[in-house]
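Chemist: One file is attached below, protein19.cif, containing mmCIF, C-alpha atoms.
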data_model
#
loop_
_atom_site.label_atom_id
_atom_site.label_comp_id
_atom_site.auth_asym_id
_atom_site.auth_seq_id
_atom_site.Cartn_x
_atom_site.Cartn_y
_atom_site.Cartn_z
CA MET J 8 155.01 25.72 -61.32
CA ASN J 9 151.88 24.90 -63.19
CA ARG J 10 148.47 25.18 -61.54
CA LEU J 11 147.85 21.43 -61.08
CA LEU J 12 151.19 20.89 -59.37
CA TRP J 13 150.55 23.89 -57.10
CA LEU J 14 147.16 22.49 -56.02
CA ALA J 15 148.72 19.10 -55.26
CA CYS J 16 151.36 20.70 -53.08
CA MET J 17 148.78 22.77 -51.23
CA SER J 18 146.68 19.70 -50.46
CA LEU J 19 149.69 18.09 -48.80
CA ALA J 20 150.57 21.20 -46.84
CA VAL J 21 147.09 22.02 -45.45
CA PRO J 22 145.91 19.86 -42.53
CA SER J 23 143.05 17.59 -43.57
CA THR J 24 141.10 18.53 -40.46
CA LEU J 25 140.48 21.92 -42.03
CA PHE J 26 138.14 20.34 -44.56
CA ALA J 27 136.46 17.86 -42.20
CA GLN J 28 132.91 18.53 -40.98
CA GLU J 29 132.65 19.55 -37.38
CA PRO J 30 131.27 16.58 -35.46
CA LYS J 31 127.78 17.06 -34.05
CA LYS J 32 127.47 17.31 -30.34
CA PRO J 33 125.27 14.69 -28.68
CA SER J 34 122.69 17.37 -27.93
CA ASP J 35 122.47 18.16 -31.65
CA LYS J 36 121.31 14.66 -32.56
CA ALA J 37 117.61 14.25 -33.23
CA GLU J 38 116.11 11.83 -30.72
CA GLY J 39 112.92 9.91 -31.34
CA PRO J 40 110.11 9.50 -28.82
CA PRO J 41 110.79 7.15 -25.89
CA LYS J 42 109.94 3.51 -26.52
CA GLU J 43 108.33 3.19 -23.11
CA ILE J 44 106.72 5.74 -20.82
CA ALA J 45 105.30 5.66 -17.31
CA VAL J 46 102.39 8.07 -16.88
CA ASP J 47 102.05 9.49 -13.37
CA LEU J 48 98.43 9.18 -12.26
CA GLY J 49 99.14 10.63 -8.84
CA GLY J 50 99.28 8.89 -5.49
CA ASN J 51 102.45 7.02 -6.54
CA VAL J 52 100.42 5.19 -9.20
CA LYS J 53 101.99 4.77 -12.66
CA LEU J 54 100.54 3.62 -15.97
CA LYS J 55 103.10 2.03 -18.30
CA MET J 56 102.78 2.39 -22.07
CA VAL J 57 104.83 1.23 -25.06
CA LEU J 58 105.33 2.97 -28.39
CA ILE J 59 103.67 1.13 -31.28
CA PRO J 60 105.23 1.90 -34.69
CA ALA J 61 103.21 2.65 -37.79
CA GLY J 62 102.74 -0.32 -40.10
CA GLU J 63 100.31 -2.45 -42.05
CA PHE J 64 98.71 -5.85 -41.63
CA LYS J 65 95.91 -8.07 -42.84
CA MET J 66 92.92 -7.50 -40.58
CA GLY J 67 90.46 -10.30 -40.02
CA SER J 68 90.65 -14.06 -40.32
CA GLU J 69 92.55 -15.64 -43.19
CA GLU J 70 90.56 -18.87 -42.82
CA SER J 71 86.88 -19.20 -43.60
CA ALA J 72 84.28 -19.07 -40.86
CA GLU J 73 83.47 -22.70 -41.63
CA ASP J 74 87.10 -23.75 -41.17
CA THR J 75 87.32 -21.89 -37.88
CA ALA J 76 84.19 -23.61 -36.59
CA GLU J 77 85.41 -27.01 -37.76
CA PHE J 78 88.76 -26.59 -36.02
CA PHE J 79 87.28 -25.59 -32.68
CA ASN J 80 84.51 -28.14 -32.86
CA PHE J 81 87.27 -30.72 -33.12
CA LEU J 82 88.74 -29.38 -29.88
CA ASP J 83 85.37 -29.03 -28.16
CA SER J 84 83.80 -32.32 -27.18
CA GLU J 85 80.31 -30.85 -27.51
CA GLY J 86 80.97 -29.70 -31.08
CA ASN J 87 78.21 -27.08 -31.20
CA ILE J 88 80.10 -24.02 -32.48
CA GLU J 89 78.38 -22.40 -35.45
CA ALA J 90 80.27 -20.82 -38.36
CA SER J 91 77.93 -17.83 -38.14
CA GLU J 92 79.80 -16.73 -35.01
CA PHE J 93 82.83 -15.86 -37.16
CA LYS J 94 81.23 -14.27 -40.24
CA ASP J 95 82.05 -10.75 -39.03
CA GLU J 96 85.79 -11.49 -39.25
CA HIS J 97 85.57 -11.33 -43.05
CA PRO J 98 86.58 -10.27 -45.58
CA GLN J 99 90.20 -10.11 -44.53
CA HIS J 100 91.56 -6.80 -45.74
CA LEU J 101 94.70 -4.67 -45.74
CA VAL J 102 94.90 -2.02 -43.02
CA ARG J 103 97.57 0.61 -42.55
CA ILE J 104 98.22 2.23 -39.19
CA THR J 105 99.79 5.42 -40.48
CA LYS J 106 100.97 7.03 -37.23
CA PRO J 107 102.83 5.67 -34.22
CA PHE J 108 100.91 5.70 -30.95
CA TYR J 109 101.30 4.53 -27.38
CA LEU J 110 99.32 1.65 -25.91
CA GLY J 111 99.02 0.51 -22.32
CA THR J 112 101.46 -2.29 -21.51
CA HIS J 113 98.73 -3.86 -19.38
CA HIS J 114 95.02 -3.58 -18.77
CA VAL J 115 94.08 -0.62 -16.62
CA THR J 116 94.25 -2.01 -13.10
CA ARG J 117 91.95 -1.58 -10.12
CA GLY J 118 94.61 0.56 -8.48
CA GLN J 119 94.82 2.89 -11.48
CA PHE J 120 91.05 3.14 -11.76
CA ARG J 121 90.86 3.75 -8.01
CA GLN J 122 93.15 6.77 -8.42
CA PHE J 123 90.83 8.16 -11.10
CA VAL J 124 87.82 7.76 -8.81
CA ALA J 125 89.68 9.27 -5.86
CA GLU J 126 90.57 12.41 -7.84
CA THR J 127 87.23 12.92 -9.54
CA GLY J 128 84.58 11.31 -7.38
CA TYR J 129 83.36 9.50 -10.49
CA ARG J 130 80.56 6.99 -10.10
CA THR J 131 80.43 4.19 -12.64
CA ASP J 132 77.37 2.96 -14.49
CA ALA J 133 77.22 0.10 -11.99
CA GLU J 134 76.95 2.62 -9.14
CA LYS J 135 74.28 4.88 -10.57
CA GLY J 136 71.50 4.99 -13.13
CA LYS J 137 68.21 3.19 -13.46
CA THR J 138 69.64 -0.27 -12.87
CA PRO J 139 72.61 -0.09 -10.49
CA GLY J 140 74.72 -3.17 -10.09
CA ALA J 141 76.73 -5.54 -12.21
CA PHE J 142 77.58 -9.21 -12.67
CA GLY J 143 79.70 -11.01 -10.11
CA ARG J 144 80.28 -14.33 -8.50
CA ASP J 145 77.13 -15.29 -6.66
CA TRP J 146 78.45 -16.88 -3.50
CA ASP J 147 74.91 -17.20 -2.14
CA SER J 148 73.73 -19.46 -4.92
CA LYS J 149 73.82 -23.24 -4.65
CA THR J 150 75.67 -23.47 -7.95
CA GLN J 151 78.38 -20.95 -6.97
CA GLY J 152 77.62 -19.35 -10.33
CA PHE J 153 77.46 -15.74 -11.47
CA ALA J 154 74.58 -13.34 -11.19
CA TRP J 155 73.59 -9.68 -11.27
CA HIS J 156 73.49 -7.98 -7.89
CA ALA J 157 73.08 -4.33 -6.96
CA GLN J 158 76.19 -4.35 -4.74
CA TYR J 159 78.54 -5.45 -7.52
CA SER J 160 80.73 -2.89 -9.30
CA TRP J 161 84.39 -2.35 -10.13
CA ARG J 162 84.98 -2.35 -6.36
CA ASP J 163 83.55 -5.81 -5.80
CA ALA J 164 82.76 -8.63 -8.20
CA GLY J 165 82.14 -11.25 -5.55
CA PHE J 166 85.69 -12.58 -5.63
CA GLU J 167 89.04 -11.36 -4.37
CA GLN J 168 91.02 -8.92 -6.48
CA THR J 169 94.03 -6.79 -5.62
CA ASP J 170 94.91 -3.41 -7.08
CA ASP J 171 97.20 -5.27 -9.52
CA HIS J 172 94.28 -7.10 -11.14
CA PRO J 173 92.56 -5.66 -14.23
CA VAL J 174 89.62 -3.47 -13.35
CA ILE J 175 86.37 -5.16 -14.41
CA ASN J 176 82.67 -4.35 -14.30
CA VAL J 177 83.40 -1.10 -16.12
CA SER J 178 81.22 0.00 -19.01
CA TRP J 179 82.37 1.61 -22.24
CA ASN J 180 81.07 4.89 -20.83
CA ASP J 181 83.25 4.44 -17.74
CA THR J 182 86.38 3.79 -19.78
CA VAL J 183 85.82 6.92 -21.88
CA ALA J 184 85.44 8.95 -18.68
CA PHE J 185 88.79 7.58 -17.48
CA CYS J 186 90.44 8.59 -20.77
CA LYS J 187 88.96 12.10 -20.61
CA TRP J 188 90.25 12.54 -17.07
CA LEU J 189 93.73 11.41 -18.03
CA SER J 190 93.75 13.60 -21.15
CA LYS J 191 92.89 16.68 -19.10
CA LYS J 192 95.40 15.76 -16.42
CA GLU J 193 98.27 15.16 -18.86
CA GLY J 194 97.48 17.56 -21.69
CA LYS J 195 97.70 14.63 -24.12
CA THR J 196 95.02 12.72 -26.02
CA TYR J 197 94.26 9.48 -24.22
CA ARG J 198 91.57 7.23 -25.68
CA LEU J 199 90.51 3.67 -26.29
CA PRO J 200 92.29 1.92 -29.17
CA THR J 201 90.36 1.33 -32.38
CA GLU J 202 89.58 -2.23 -33.39
CA ALA J 203 92.23 -1.95 -36.09
CA GLU J 204 94.87 -0.70 -33.66
CA TRP J 205 93.95 -3.42 -31.19
CA GLU J 206 94.28 -6.26 -33.70
CA TYR J 207 97.47 -4.79 -35.16
CA THR J 208 99.10 -4.67 -31.73
CA CYS J 209 97.74 -8.05 -30.68
CA ARG J 210 99.12 -9.78 -33.74
CA GLY J 211 102.54 -8.18 -33.41
CA GLY J 212 103.42 -9.15 -36.98
CA THR J 213 101.84 -12.61 -36.88
CA THR J 214 99.10 -13.98 -39.14
CA THR J 215 98.03 -16.99 -37.04
CA ARG J 216 94.95 -17.44 -34.84
CA TYR J 217 96.96 -16.29 -31.84
CA TYR J 218 100.24 -14.43 -31.73
CA GLY J 219 101.82 -17.67 -30.54
CA GLY J 220 100.45 -19.83 -33.35
CA ASP J 221 97.28 -21.55 -34.53
CA ASP J 222 96.70 -24.11 -31.81
CA PRO J 223 95.42 -22.51 -28.60
CA TYR J 224 97.30 -25.00 -26.45
CA ARG J 225 100.28 -26.51 -28.22
CA SER J 226 101.57 -23.27 -29.78
CA ASN J 227 100.81 -21.00 -26.81
CA PRO J 228 102.35 -22.67 -23.76
CA GLY J 229 101.99 -20.61 -20.62
CA SER J 230 99.61 -18.10 -22.21
CA TRP J 231 96.09 -17.30 -21.07
CA VAL J 232 94.90 -19.16 -24.16
CA ASP J 233 96.63 -22.25 -22.81
CA ILE J 234 95.67 -21.99 -19.15
CA GLY J 235 92.71 -19.61 -19.35
CA GLY J 236 89.11 -19.77 -20.40
CA THR J 237 86.34 -21.98 -19.13
CA ASP J 238 87.49 -24.86 -21.31
CA LYS J 239 90.75 -25.04 -19.35
CA GLY J 240 89.32 -24.39 -15.93
CA LEU J 241 91.07 -21.16 -14.89
CA VAL J 242 89.03 -19.37 -12.27
CA LEU J 243 88.68 -15.59 -12.40
CA THR J 244 91.13 -12.80 -13.25
CA ALA J 245 94.85 -12.70 -12.52
CA PRO J 246 97.28 -9.85 -11.78
CA VAL J 247 98.30 -8.06 -14.97
CA GLY J 248 101.67 -9.02 -16.43
CA SER J 249 101.65 -12.50 -14.90
CA LEU J 250 102.65 -14.15 -18.18
CA LYS J 251 104.92 -13.34 -21.11
CA PRO J 252 104.29 -10.36 -23.45
CA ASN J 253 103.90 -10.44 -27.22
CA ALA J 254 106.35 -8.99 -29.76
CA PHE J 255 105.27 -5.41 -28.98
CA GLY J 256 105.80 -5.94 -25.26
CA LEU J 257 102.06 -6.06 -24.48
CA PHE J 258 100.69 -8.38 -21.82
CA ASP J 259 97.35 -10.24 -21.72
CA MET J 260 96.23 -9.55 -25.27
CA HIS J 261 94.63 -13.00 -25.27
CA GLY J 262 92.46 -13.42 -22.22
CA ASN J 263 92.39 -12.27 -18.58
CA ALA J 264 89.78 -9.54 -19.26
CA ALA J 265 88.12 -8.56 -22.52
CA GLN J 266 88.98 -5.07 -23.75
CA TRP J 267 86.72 -2.26 -24.92
CA CYS J 268 87.59 -0.54 -28.21
CA SER J 269 86.51 2.90 -29.36
CA ASP J 270 84.52 1.71 -32.41
CA TRP J 271 80.85 1.24 -32.88
CA TYR J 272 80.45 -2.40 -33.86
CA GLY J 273 79.50 -3.11 -37.45
CA GLU J 274 78.96 -6.74 -38.45
CA LYS J 275 79.60 -5.96 -42.14
CA TYR J 276 82.01 -3.07 -41.67
CA TYR J 277 85.03 -4.98 -43.00
CA ALA J 278 83.58 -4.99 -46.52
CA MET J 279 83.64 -1.17 -46.61
CA SER J 280 86.53 -0.40 -44.28
CA PRO J 281 89.04 2.20 -45.49
CA THR J 282 92.62 1.03 -45.73
CA ASP J 283 94.18 3.80 -43.64
CA ASP J 284 93.35 4.07 -39.94
CA PRO J 285 89.77 2.75 -39.96
CA LEU J 286 87.63 4.09 -37.12
CA GLY J 287 84.61 1.82 -37.43
CA PRO J 288 81.04 2.79 -38.37
CA GLU J 289 79.84 6.35 -37.76
CA SER J 290 77.01 5.13 -35.57
CA GLY J 291 75.59 2.00 -34.01
CA LYS J 292 74.02 0.45 -30.93
CA ARG J 293 76.91 -1.56 -29.49
CA ARG J 294 80.62 -0.94 -28.94
CA ALA J 295 83.34 -3.37 -29.98
CA LEU J 296 85.17 -5.69 -27.61
CA ARG J 297 88.33 -7.68 -28.24
CA GLY J 298 90.69 -10.21 -26.70
CA GLY J 299 88.49 -12.64 -24.79
CA SER J 300 88.70 -13.25 -21.07
CA TRP J 301 89.19 -15.80 -18.33
CA ALA J 302 85.49 -16.65 -18.70
CA ASP J 303 85.58 -17.33 -22.45
CA TRP J 304 86.28 -20.36 -24.56
CA SER J 305 89.59 -20.24 -26.40
CA TYR J 306 88.07 -19.36 -29.78
CA TYR J 307 86.86 -16.06 -28.26
CA SER J 308 90.46 -15.08 -27.48
CA ARG J 309 91.78 -15.24 -31.05
CA SER J 310 93.42 -12.19 -32.67
CA ALA J 311 90.60 -11.82 -35.20
CA VAL J 312 87.54 -12.48 -33.04
CA ARG J 313 85.00 -9.67 -32.69
CA TYR J 314 82.06 -9.15 -30.38
CA ALA J 315 80.17 -6.21 -28.90
CA ARG J 316 77.99 -4.94 -26.07
CA LEU J 317 75.89 -1.91 -25.23
CA PRO J 318 77.92 1.10 -24.03
CA ASP J 319 76.50 0.90 -20.50
CA SER J 320 76.90 -2.88 -20.07
CA ARG J 321 79.39 -4.24 -17.54
CA ASP J 322 80.38 -7.60 -16.16
CA TYR J 323 83.02 -9.61 -14.33
CA SER J 324 85.07 -10.37 -17.45
CA THR J 325 85.39 -6.98 -19.17
CA GLY J 326 88.05 -4.30 -18.72
CA PHE J 327 90.15 -2.05 -20.94
CA ARG J 328 93.52 -0.60 -21.82
CA VAL J 329 94.27 2.90 -23.04
CA ALA J 330 95.97 4.36 -26.09
CA ARG J 331 97.64 7.75 -26.45
CA ASN J 332 98.41 9.79 -29.50
CA GLN J 333 102.16 10.28 -29.77
#
Step by step, read the file and then write its structure as structure tokens.
Modeler:
Amino acid sequence: MNRLLWLACMSLAVPSTLFAQEPKKPSDKAEGPPKEIAVDLGGNVKLKMVLIPAGEFKMGSEESAEDTAEFFNFLDSEGNIEASEFKDEHPQHLVRITKPFYLGTHHVTRGQFRQFVAETGYRTDAEKGKTPGAFGRDWDSKTQGFAWHAQYSWRDAGFEQTDDHPVINVSWNDTVAFCKWLSKKEGKTYRLPTEAEWEYTCRGGTTTRYYGGDDPYRSNPGSWVDIGGTDKGLVLTAPVGSLKPNAFGLFDMHGNAAQWCSDWYGEKYYAMSPTDDPLGPESGKRRALRGGSWADWSYYSRSAVRYARLPDSRDYSTGFRVARNQ
């Protein structure tokens, strides 16, 4: 019998399972990080977060500042919006978020912030310092407007809030203190999102003014852009998660309460921004805010809009959400 014939016979005689790879056990399979997590803050209080994948996007407005002003002046009967308000959204530029990270599904709530205060005894900027107090609804005024009073803080803004509402009247300093507490408690790095991370997650793959489209009302039915803001008459904050999430599963990225970011604000930073994971200017006077609030006109809730305040400032329309390194 020649060698080729012998090999053919042997292949028929030997069970094929002898040459098959041993199947991997389920425990052998590499599993990625969980898509959603619930961080235990203590006291039966949880903070939900979703995993945001790495990716790239165009940061900033794709329309000129003049076109943005013209569009919203058409919607606004007063027509007094200046293009200069939107100059810092340019130039639009490519940004890469190179590493996945977690981001809070919702704003940090009053209940979550209350747990932080209960564990640490922390006193916010509104409760200490040279000028204690914050902005709230001034029920004593004839106009029923808003004013600064010494008794206002995250605990009381002059209107009813439950522990499911976003915490407000917190300064940038207060939010960083919350993140430091949670980092120490969990042994993970919790922080505020950068401006780039915030806009990337807000857009959720979209390029329009809002993640629902360009028109604040027609293309965003049932969103805070549609029913929120002073131009639509919504009064005050609402419980987090009341409306639908965006493509990343994040709630209230447009409106409810504005959100602090980690960056120093730089009006002309976009012209010099690095492509990968920009962190903002190295120094500055004010910290960046994003997302707009119940108290803002709809153009202040766009994905690209930028504004800023001093690190110790606080008011009835500003809160935050937290990020975590994977």
Chemist: Report as a VMD selection string all protein, DNA and RNA residues lying within 6 Å of range 116-118 of chain J, evaluated on all atoms listed in the file, omitting residues in the same chain fewer than 4 positions from it.
Modeler: chain J and resid 170 to 174
Chemist: Running the PyMOL selection byres ((chain J and resi 246-260) around 9) on this model by hand, what would come out? Give it as number ranges by chain.
Modeler: J: 56-59, 110-116, 168-173, 205, 208-212, 218-219, 229-231, 244-245, 261-266, 297-299, 308, 310
Chemist: Interatomic distance between CA of Gln122 in chain J and CA of Thr196 in chain J?
Modeler: 18.7 Å
Chemist: Evaluated on this file, the PyMOL selection byres ((chain J and resi 68) around 8) picks out some residues - which ones are they, written as number ranges by chain?
Modeler: J: 66-67, 69-71, 96-99, 216, 311
Chemist: Could you tell me how far CA of Glu206 in chain J sits from CA of Asn332 in chain J, in Å to one decimal place?
Modeler: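 Atom-to-atom, CA of Asn332 in chain J and CA of Glu206 in chain J are spaced 17.1 Å apart.
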Chemist: Apply the PyMOL selection byres ((chain J and resi 287) around 10) to the file shown and report the selected residues as an MDAnalysis selection string.
Modeler: chainID J and resid 201:203 268:273 276:277 279:281 284:286 288:291 294:295
Chemist: Please write as a list in words the list of polymer residues whose atoms come within 12 Å of (94.2, 11.3, -23.6), counting only C-alpha atoms and keeping to the coordinates of the file.
Modeler: Val46, Phe108, Tyr109, Leu110, Gly111, Thr182, Val183, Ala184, Phe185, Cys186, Lys187, Trp188, Leu189, Ser190, Lys191, Lys192, Glu193, Gly194, Lys195, Thr196, Tyr197, Arg198, Leu199, Pro200, Val329, Ala330, Arg331, Asn332 and Gln333 of chain J
Chemist: Considering only C-alpha atoms, state which residue in the set J:Arg103, J:Lys94, J:Arg225, J:Arg144 is at the smallest distance from Glu63 in chain J.
Modeler: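 Under the stated criterion, the closest residue is J:Arg103.
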Chemist: How many Å lie between CA of Pro139 in chain J and CA of Gln158 in chain J, rounded to one decimal?
Modeler: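 Spanning CA of Pro139 in chain J to CA of Gln158 in chain J is a straight-line distance of 8.0 Å.
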Chemist: Taking the point (76.9, 3.5, -18.4) as given in the file, collect each protein or nucleic acid residue that comes within 8 Å of it, counting only C-alpha atoms, and present the set as a ChimeraX atom specification.
Modeler: /J:131-133,136,178-181,318-320
Chemist: Any chance you can output those residues with C-alpha atoms as a PDB file, keeping the file's coordinate frame?
Modeler:
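Saved file selection.pdb follows:
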ATOM      1  CA  THR J 131      80.430   4.190 -12.640  1.00  0.00           C
ATOM      2  CA  ASP J 132      77.370   2.960 -14.490  1.00  0.00           C
ATOM      3  CA  ALA J 133      77.220   0.100 -11.990  1.00  0.00           C
ATOM      4  CA  GLY J 136      71.500   4.990 -13.130  1.00  0.00           C
ATOM      5  CA  SER J 178      81.220   0.000 -19.010  1.00  0.00           C
ATOM      6  CA  TRP J 179      82.370   1.610 -22.240  1.00  0.00           C
ATOM      7  CA  ASN J 180      81.070   4.890 -20.830  1.00  0.00           C
ATOM      8  CA  ASP J 181      83.250   4.440 -17.740  1.00  0.00           C
ATOM      9  CA  PRO J 318      77.920   1.100 -24.030  1.00  0.00           C
ATOM     10  CA  ASP J 319      76.500   0.900 -20.500  1.00  0.00           C
ATOM     11  CA  SER J 320      76.900  -2.880 -20.070  1.00  0.00           C
TER      12      SER J 320
END
Chemist: Taking only C-alpha atoms into account, name the residue in J:Thr105, J:Thr75, J:Gln119, J:Glu204 that is nearest to Lys55 in chain J.
Modeler: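 Looking only at the distances to Lys55 in chain J, the closest residue turns out to be J:Gln119.
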Chemist: I need the residue nearest Val52 in chain J from this list: J:Glu89, J:Glu73, J:Arg121, J:Pro107. Use only C-alpha atoms for the distance.
Modeler: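 For Val52 in chain J, the nearest of the candidates is J:Arg121.
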Chemist: Could you check the closest approach to Arg316 in chain J for each of J:Lys275, J:Arg293, J:Arg162, J:Lys106 and tell me which residue wins, using all atoms listed in the file?
Modeler: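 The shortest atom-to-atom distance to Arg316 in chain J comes from J:Arg293.
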Chemist: Draw an axis-aligned box tight on the listed atoms of range 323-328 of chain J, then pad every side by 8 Å and write out centre and edge lengths in Å to one decimal as lines of an AutoDock Vina configuration file.
Modeler:
center_x = 88.3
center_y = -5.5
center_z = -18.1
size_x = 26.5
size_y = 25.8
size_z = 23.5
